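Below is one structure, written out as structure tokens; the observations come after it.
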Amino acid sequence: MNIYVCLKQTPDTETKIKLAADSNGIDTAGIKWIVSPYDELAIEEALRLKEKNAGSTVTAISAGPARVVEAIRTALAMGADNGIHVEIPETADSNLTAKAIAGALKKEAKVDILFTGKEAIDDGAAQVSQLVAEYMGFPYVTSLVGAEYSATAVKAKREIEGGAFEMIEIQLPALFAAQKGLNEPRYASLPNIMKAKKKEVKPLKLADVGCSDADQKIRFKNFQLPPPKQAGKKVAGDAAAQAKELVRLLHEEAKVI
Amino acid sequence: MAKIFVIAEHRDGKLKKTTFELLGASAAAGNETHAVLLGEGVAELAKELAHYGAQKVHLAENAGLKFYSAEAYCNVIAPLVAAQKPDVILGSHSPTGRDFMPRLAARLNVGLASDCTQLAFDGAKIKVRRPVYSGKATVEVEFLGSGPQMATIRPNALGVPKPDTSKAAETMACAADVGAVKSKVLEVVKGSSARPDVTEASIVVSGGRAMKSAENFKILEEMADVLGAAVGASRAAVDAGFRPHRDQVGQTGKVVAPALYIACGISGAIQHLAGMRTSKCIVAVNTDPEAPIYQIADYGVVGDLFAVVPVLKDEFKKIKEH
């Protein structure tokens with residue numbers, strides 16, 4: 001099988017966000033970059049599928065500025081065979097990103113199955129997966145928490161609200177967006193990290209994948225940090241007195257009960 | 001004034017609260033408000049859509065719409081949009097809305113602002129803000145190009161309006177050609193819990209590492225049931241195996257915005273705060289008065305949660321019965 005996994009490089013979850021001077025972005029100085037955690041699940045799922053299907057290859061693809069090649073190297077160190085990097089601006093929106101990825105995938109001989117994370121933890125837009133699928137003409141399953149694969153179709157389990165699941169039958173080729181619970185991603189071993197340095201990462205530019213600035217449909221501007229909160233009230237007394245006073249405040253002051 | 005499409009969501013024959021939020025916001029701003037209702041045997045729901053502000057309901061009924069399907073939704077809605085030319089298309093940032101709205105946006109060749117927490121109307125346009133980095137910052141979304149503006153709105157962000165049962169809407173049947181679909185929902189497997197979902201509930205009671213065990217969550221569940229609340233958990237509690245991942249609130253879990261969030265034994269790691277900081281009222285119960293959770297809590301109870309939660313439950317019960 002020709003297995004592809006899309007990934008995004010994002011700031012680490014512990015990052016303290018600071019705004020850029022013009023308020024149209026964040027200050028990226030000193031940020032520790034990681035592979036978005038849901039994308040690690042996608043990489044793991046791709047590798048497990050490869051291991052069950054002899055002769056398969058896993059290709060990791062990412063669209064973004066030059067730094068995202070590090071994220072592709074992480075996927076290669078986990079076990080992906082090769083990579084594709086499409087260089088797009090830092091400010092690209094979901095649509096331009098998806099068009100660039102789909103454009104690169106269309107240059108490949110054959111795409112049997114595509115894995116992504118259900119969303120990236122930076123903009124949290126949860127759009128690129130579905131957009132890539134639409135541009136590829138693929139069906140998709142988002143929030144994938146379980147899958148049984150065959151050569152032509154997949155029985156997929158999708159998490160929906162209230163602890164419920166949709167059981168879906170989906171034809172290949174298709175895209176699957178991973179949710180936590182699908183698997184436990186492996187760590188890269190030291191020998192594999194060394195090997196990953198020699199694996200090929202194909203560089204592509206926007207023009208190579210048939211995209212232009214006009215594919216950008218939205219732009220984020222006027223970034224703001226959340227307003228600082230006033231110190232809250234701490235209720236006094238023993239547990240019984242605290243509980244009584246808290247419920248009174250919630251009822252009379254906050255009016256949420 | 002704008003012509004607004006609200007894509008209605010329903011499950012088990014009941015409309016979702018999030019749909020009422022969208023209709024209410026659109027109608028309150030004086031917009032021409034249309035609901036789009038897809039399903040099988042759902043015509044009756046049009047009445048309730050009217051109570052919350054829909055003036056027109058576009059109804060597509062088809063056996064192929066019995067279960068939700070992104071492909072079928074897009075195949076039905078895209079031609080309707082082409083014919084009706086709304087200025088704005090609104091959906092919920094729910095497991096359904098977040099699934100099909102991007103595909104619909106691509107089909108219509110327009111931009112989508114997803115997971116918005118602020119929505120305002122300005123003539124035929126909308127102005128939206130949304131969180132980024134899980135709420136560590138927010139941004140305004142500028143729509144480029146032409147065509148309808150599309151947005152998904154975070155559940156609970158707008159509030160549910162009071163229904164007006166005297167209102168009625170004109171129902172218009174629309175073509176329900178679901179087309180060739182390559183994925184199909186075979187069945188929906190229900191969750192075992194009768195409690196609401198963390199992302200939809202108006203009250204969320206969450207526990208952290210200090211809960212010490214899965215069994216101890218029983219006291220939070222009991223309090224949640226008095227309040228009709230959902231039960232959430234911090235990443236530490238989930239990683240320790242106390243709760244399933246689907247209950248996790250935080251940057252790598254669910255992002256919630258309830259009217260009341262009660263954090264029990266949660267210290268307030270940046271990861272967790274990112275997932276619940278837009279809650280309208282935050283209560284923290286923690287033994288450590290210096291815990292970071294108190295920096296964003298509106299009300300703090302410094303004390304042992306195992307002593308506080310049971311009496312708190314009783315107090316809630318009293319006021320509920322009052």
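In the structure tokens, each chain is lettered A, B, ... as it comes, each chain's residues begin at 1, and ligands are numbered from 1 in order of appearance.
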Define the interface residues of chain B facing chain A as those within 6 Å, counting only C-alpha atoms, and report them as a PyMOL selection string. chain B and resi 95+102-103+111+114+132-133+137-144+182-191+196-197+296-301+308+312
Give me the residues near stretch 72-80 of chain B as number ranges by chain, where near means some atom within 8 Å (using only C-alpha atoms) and where sequence neighbours in that chain fewer than 3 positions away do not count. B: 38, 60, 64-65, 68-69, 83-84, 100, 103-104, 107-108, 174-179, 181
Take the residues just selected and output them with C-alpha atoms as a short mmCIF file (atom, residue, chain, number, x, y, z; two decimals), in the first residue's frame.
data_model
loop_
_atom_site.label_atom_id
_atom_site.label_comp_id
_atom_site.auth_asym_id
_atom_site.auth_seq_id
_atom_site.Cartn_x
_atom_site.Cartn_y
_atom_site.Cartn_z
CA LEU B 38 -31.61 17.38 6.73
CA ALA B 60 -34.35 17.81 2.78
CA GLY B 64 -29.90 8.35 2.75
CA LEU B 65 -29.91 11.09 5.38
CA TYR B 68 -25.28 11.95 9.30
CA SER B 69 -22.87 11.84 6.35
CA ALA B 83 -29.72 28.57 -5.68
CA GLN B 84 -30.46 30.57 -2.51
CA PHE B 100 -18.73 18.61 7.13
CA ARG B 103 -15.79 20.06 2.98
CA LEU B 104 -18.72 22.35 2.16
CA ARG B 107 -17.02 22.76 -2.48
CA LEU B 108 -18.18 26.40 -2.48
CA CYS B 174 -35.57 21.11 -1.21
CA ALA B 175 -33.95 18.50 -3.43
CA ALA B 176 -32.49 15.74 -1.26
CA ASP B 177 -30.23 14.05 -3.80
CA VAL B 178 -27.50 12.58 -1.61
CA GLY B 179 -25.51 11.43 -4.66
CA VAL B 181 -21.40 8.33 -1.22
#
Can you pull out every residue from stretch 63-141 of chain A that DSSP, working from the backbone, puts in strand (DSSP E), and format the result as an mmCIF file with C-alpha atoms, in the first residue's frame?
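part.cif, written as the output of this step:
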data_model
loop_
_atom_site.group_PDB
_atom_site.id
_atom_site.type_symbol
_atom_site.label_atom_id
_atom_site.label_comp_id
_atom_site.auth_asym_id
_atom_site.auth_seq_id
_atom_site.Cartn_x
_atom_site.Cartn_y
_atom_site.Cartn_z
ATOM 1 C CA ALA A 63 3.353 22.091 4.278
ATOM 2 C CA GLY A 64 4.895 25.050 6.054
ATOM 3 C CA ASN A 82 10.446 9.226 2.924
ATOM 4 C CA GLY A 83 9.115 12.751 3.133
ATOM 5 C CA ILE A 84 7.682 15.621 1.133
ATOM 6 C CA HIS A 85 7.963 19.255 2.190
ATOM 7 C CA VAL A 86 5.868 21.888 0.463
ATOM 8 C CA GLU A 87 7.160 25.316 1.339
ATOM 9 C CA ILE A 113 -4.735 5.811 2.205
ATOM 10 C CA LEU A 114 -4.082 9.081 4.025
ATOM 11 C CA PHE A 115 -3.718 9.678 7.750
ATOM 12 C CA THR A 116 -3.815 12.998 9.610
ATOM 13 C CA GLY A 117 -4.404 14.205 13.153
ATOM 14 C CA TYR A 140 -13.018 10.678 5.199
ATOM 15 C CA VAL A 141 -13.511 9.757 8.827
#
Separation of atom CA of A:Lys107 and atom CA of A:Glu51, in Å?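 These atoms are spaced 24.9 Å apart.
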From the DSSP assignment of the backbone, select every residue of stretch 185-299 of chain B that is alpha helix (DSSP H), and format the answer as a list in words.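 Assigned to alpha helix (DSSP H), within stretch 185-299 of chain B: Phe217, Lys218, Ile219, Leu220, Glu221, Glu222, Met223, Ala224, Asp225, Val226, Leu227, Arg235, Ala236, Ala237, Val238, Asp239, Ile270, Gln271, His272, Leu273, Ala274, Gly275 and Met276 of chain B.
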Dump as a PDB file, in the first residue's frame, selection limited to N, CA and C atoms:
ATOM      1  N   PHE B 217     -13.946   9.195  41.608  1.00  0.00           N
ATOM      2  CA  PHE B 217     -14.719  10.099  40.752  1.00  0.00           C
ATOM      3  C   PHE B 217     -16.220   9.983  41.013  1.00  0.00           C
ATOM      4  N   LYS B 218     -16.586   8.924  41.763  1.00  0.00           N
ATOM      5  CA  LYS B 218     -17.995   8.723  42.081  1.00  0.00           C
ATOM      6  C   LYS B 218     -18.576   9.958  42.789  1.00  0.00           C
ATOM      7  N   ILE B 219     -17.801  10.592  43.664  1.00  0.00           N
ATOM      8  CA  ILE B 219     -18.340  11.755  44.383  1.00  0.00           C
ATOM      9  C   ILE B 219     -18.576  12.926  43.422  1.00  0.00           C
ATOM     10  N   LEU B 220     -17.737  13.024  42.370  1.00  0.00           N
ATOM     11  CA  LEU B 220     -17.959  14.078  41.377  1.00  0.00           C
ATOM     12  C   LEU B 220     -19.171  13.745  40.518  1.00  0.00           C
ATOM     13  N   GLU B 221     -19.323  12.449  40.200  1.00  0.00           N
ATOM     14  CA  GLU B 221     -20.474  12.032  39.395  1.00  0.00           C
ATOM     15  C   GLU B 221     -21.778  12.323  40.134  1.00  0.00           C
ATOM     16  N   GLU B 222     -21.767  12.068  41.443  1.00  0.00           N
ATOM     17  CA  GLU B 222     -22.983  12.313  42.235  1.00  0.00           C
ATOM     18  C   GLU B 222     -23.327  13.804  42.252  1.00  0.00           C
ATOM     19  N   MET B 223     -22.288  14.632  42.418  1.00  0.00           N
ATOM     20  CA  MET B 223     -22.530  16.076  42.410  1.00  0.00           C
ATOM     21  C   MET B 223     -22.988  16.521  41.016  1.00  0.00           C
ATOM     22  N   ALA B 224     -22.365  15.962  39.983  1.00  0.00           N
ATOM     23  CA  ALA B 224     -22.733  16.305  38.603  1.00  0.00           C
ATOM     24  C   ALA B 224     -24.204  15.963  38.346  1.00  0.00           C
ATOM     25  N   ASP B 225     -24.649  14.828  38.871  1.00  0.00           N
ATOM     26  CA  ASP B 225     -26.024  14.414  38.609  1.00  0.00           C
ATOM     27  C   ASP B 225     -27.033  15.334  39.287  1.00  0.00           C
ATOM     28  N   VAL B 226     -26.654  15.886  40.435  1.00  0.00           N
ATOM     29  CA  VAL B 226     -27.538  16.861  41.098  1.00  0.00           C
ATOM     30  C   VAL B 226     -27.694  18.097  40.207  1.00  0.00           C
ATOM     31  N   LEU B 227     -26.604  18.477  39.521  1.00  0.00           N
ATOM     32  CA  LEU B 227     -26.572  19.697  38.718  1.00  0.00           C
ATOM     33  C   LEU B 227     -26.947  19.476  37.257  1.00  0.00           C
ATOM     34  N   ARG B 235      -5.635  16.269  32.174  1.00  0.00           N
ATOM     35  CA  ARG B 235      -4.790  15.285  31.483  1.00  0.00           C
ATOM     36  C   ARG B 235      -4.130  14.347  32.488  1.00  0.00           C
ATOM     37  N   ALA B 236      -3.737  14.907  33.648  1.00  0.00           N
ATOM     38  CA  ALA B 236      -3.088  14.072  34.664  1.00  0.00           C
ATOM     39  C   ALA B 236      -4.017  12.942  35.097  1.00  0.00           C
ATOM     40  N   ALA B 237      -5.303  13.257  35.264  1.00  0.00           N
ATOM     41  CA  ALA B 237      -6.264  12.235  35.695  1.00  0.00           C
ATOM     42  C   ALA B 237      -6.495  11.197  34.598  1.00  0.00           C
ATOM     43  N   VAL B 238      -6.485  11.656  33.359  1.00  0.00           N
ATOM     44  CA  VAL B 238      -6.683  10.735  32.231  1.00  0.00           C
ATOM     45  C   VAL B 238      -5.437   9.849  32.058  1.00  0.00           C
ATOM     46  N   ASP B 239      -4.260  10.492  32.130  1.00  0.00           N
ATOM     47  CA  ASP B 239      -3.020   9.722  31.978  1.00  0.00           C
ATOM     48  C   ASP B 239      -2.880   8.682  33.088  1.00  0.00           C
ATOM     49  N   ILE B 270      -1.025  24.850  32.365  1.00  0.00           N
ATOM     50  CA  ILE B 270      -1.358  25.704  31.211  1.00  0.00           C
ATOM     51  C   ILE B 270      -2.171  24.904  30.176  1.00  0.00           C
ATOM     52  N   GLN B 271      -1.839  23.618  30.060  1.00  0.00           N
ATOM     53  CA  GLN B 271      -2.540  22.686  29.174  1.00  0.00           C
ATOM     54  C   GLN B 271      -4.028  22.627  29.500  1.00  0.00           C
ATOM     55  N   HIS B 272      -4.334  22.578  30.790  1.00  0.00           N
ATOM     56  CA  HIS B 272      -5.727  22.467  31.223  1.00  0.00           C
ATOM     57  C   HIS B 272      -6.454  23.803  31.109  1.00  0.00           C
ATOM     58  N   LEU B 273      -5.802  24.877  31.557  1.00  0.00           N
ATOM     59  CA  LEU B 273      -6.421  26.203  31.511  1.00  0.00           C
ATOM     60  C   LEU B 273      -6.840  26.542  30.086  1.00  0.00           C
ATOM     61  N   ALA B 274      -6.025  26.115  29.121  1.00  0.00           N
ATOM     62  CA  ALA B 274      -6.334  26.391  27.719  1.00  0.00           C
ATOM     63  C   ALA B 274      -7.683  25.799  27.321  1.00  0.00           C
ATOM     64  N   GLY B 275      -8.061  24.721  27.954  1.00  0.00           N
ATOM     65  CA  GLY B 275      -9.296  24.045  27.560  1.00  0.00           C
ATOM     66  C   GLY B 275     -10.551  24.536  28.238  1.00  0.00           C
ATOM     67  N   MET B 276     -10.418  25.370  29.289  1.00  0.00           N
ATOM     68  CA  MET B 276     -11.624  25.759  30.028  1.00  0.00           C
ATOM     69  C   MET B 276     -11.684  27.230  30.418  1.00  0.00           C
TER      70      MET B 276
END
Can you pull out every residue within 6 Å of stretch 19-28 of chain B, counting only C-alpha atoms, but drop anything in the same chain fewer than 2 positions away, and send it as a list of chain:residue names?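 Residues near the query, excluding close chain neighbours: B:Ala8, B:Lys16, B:Lys17, B:Gly30, B:Asn31, B:Tyr52, B:Gly53, B:Leu158, B:Gly159, B:Val160, B:Pro161.
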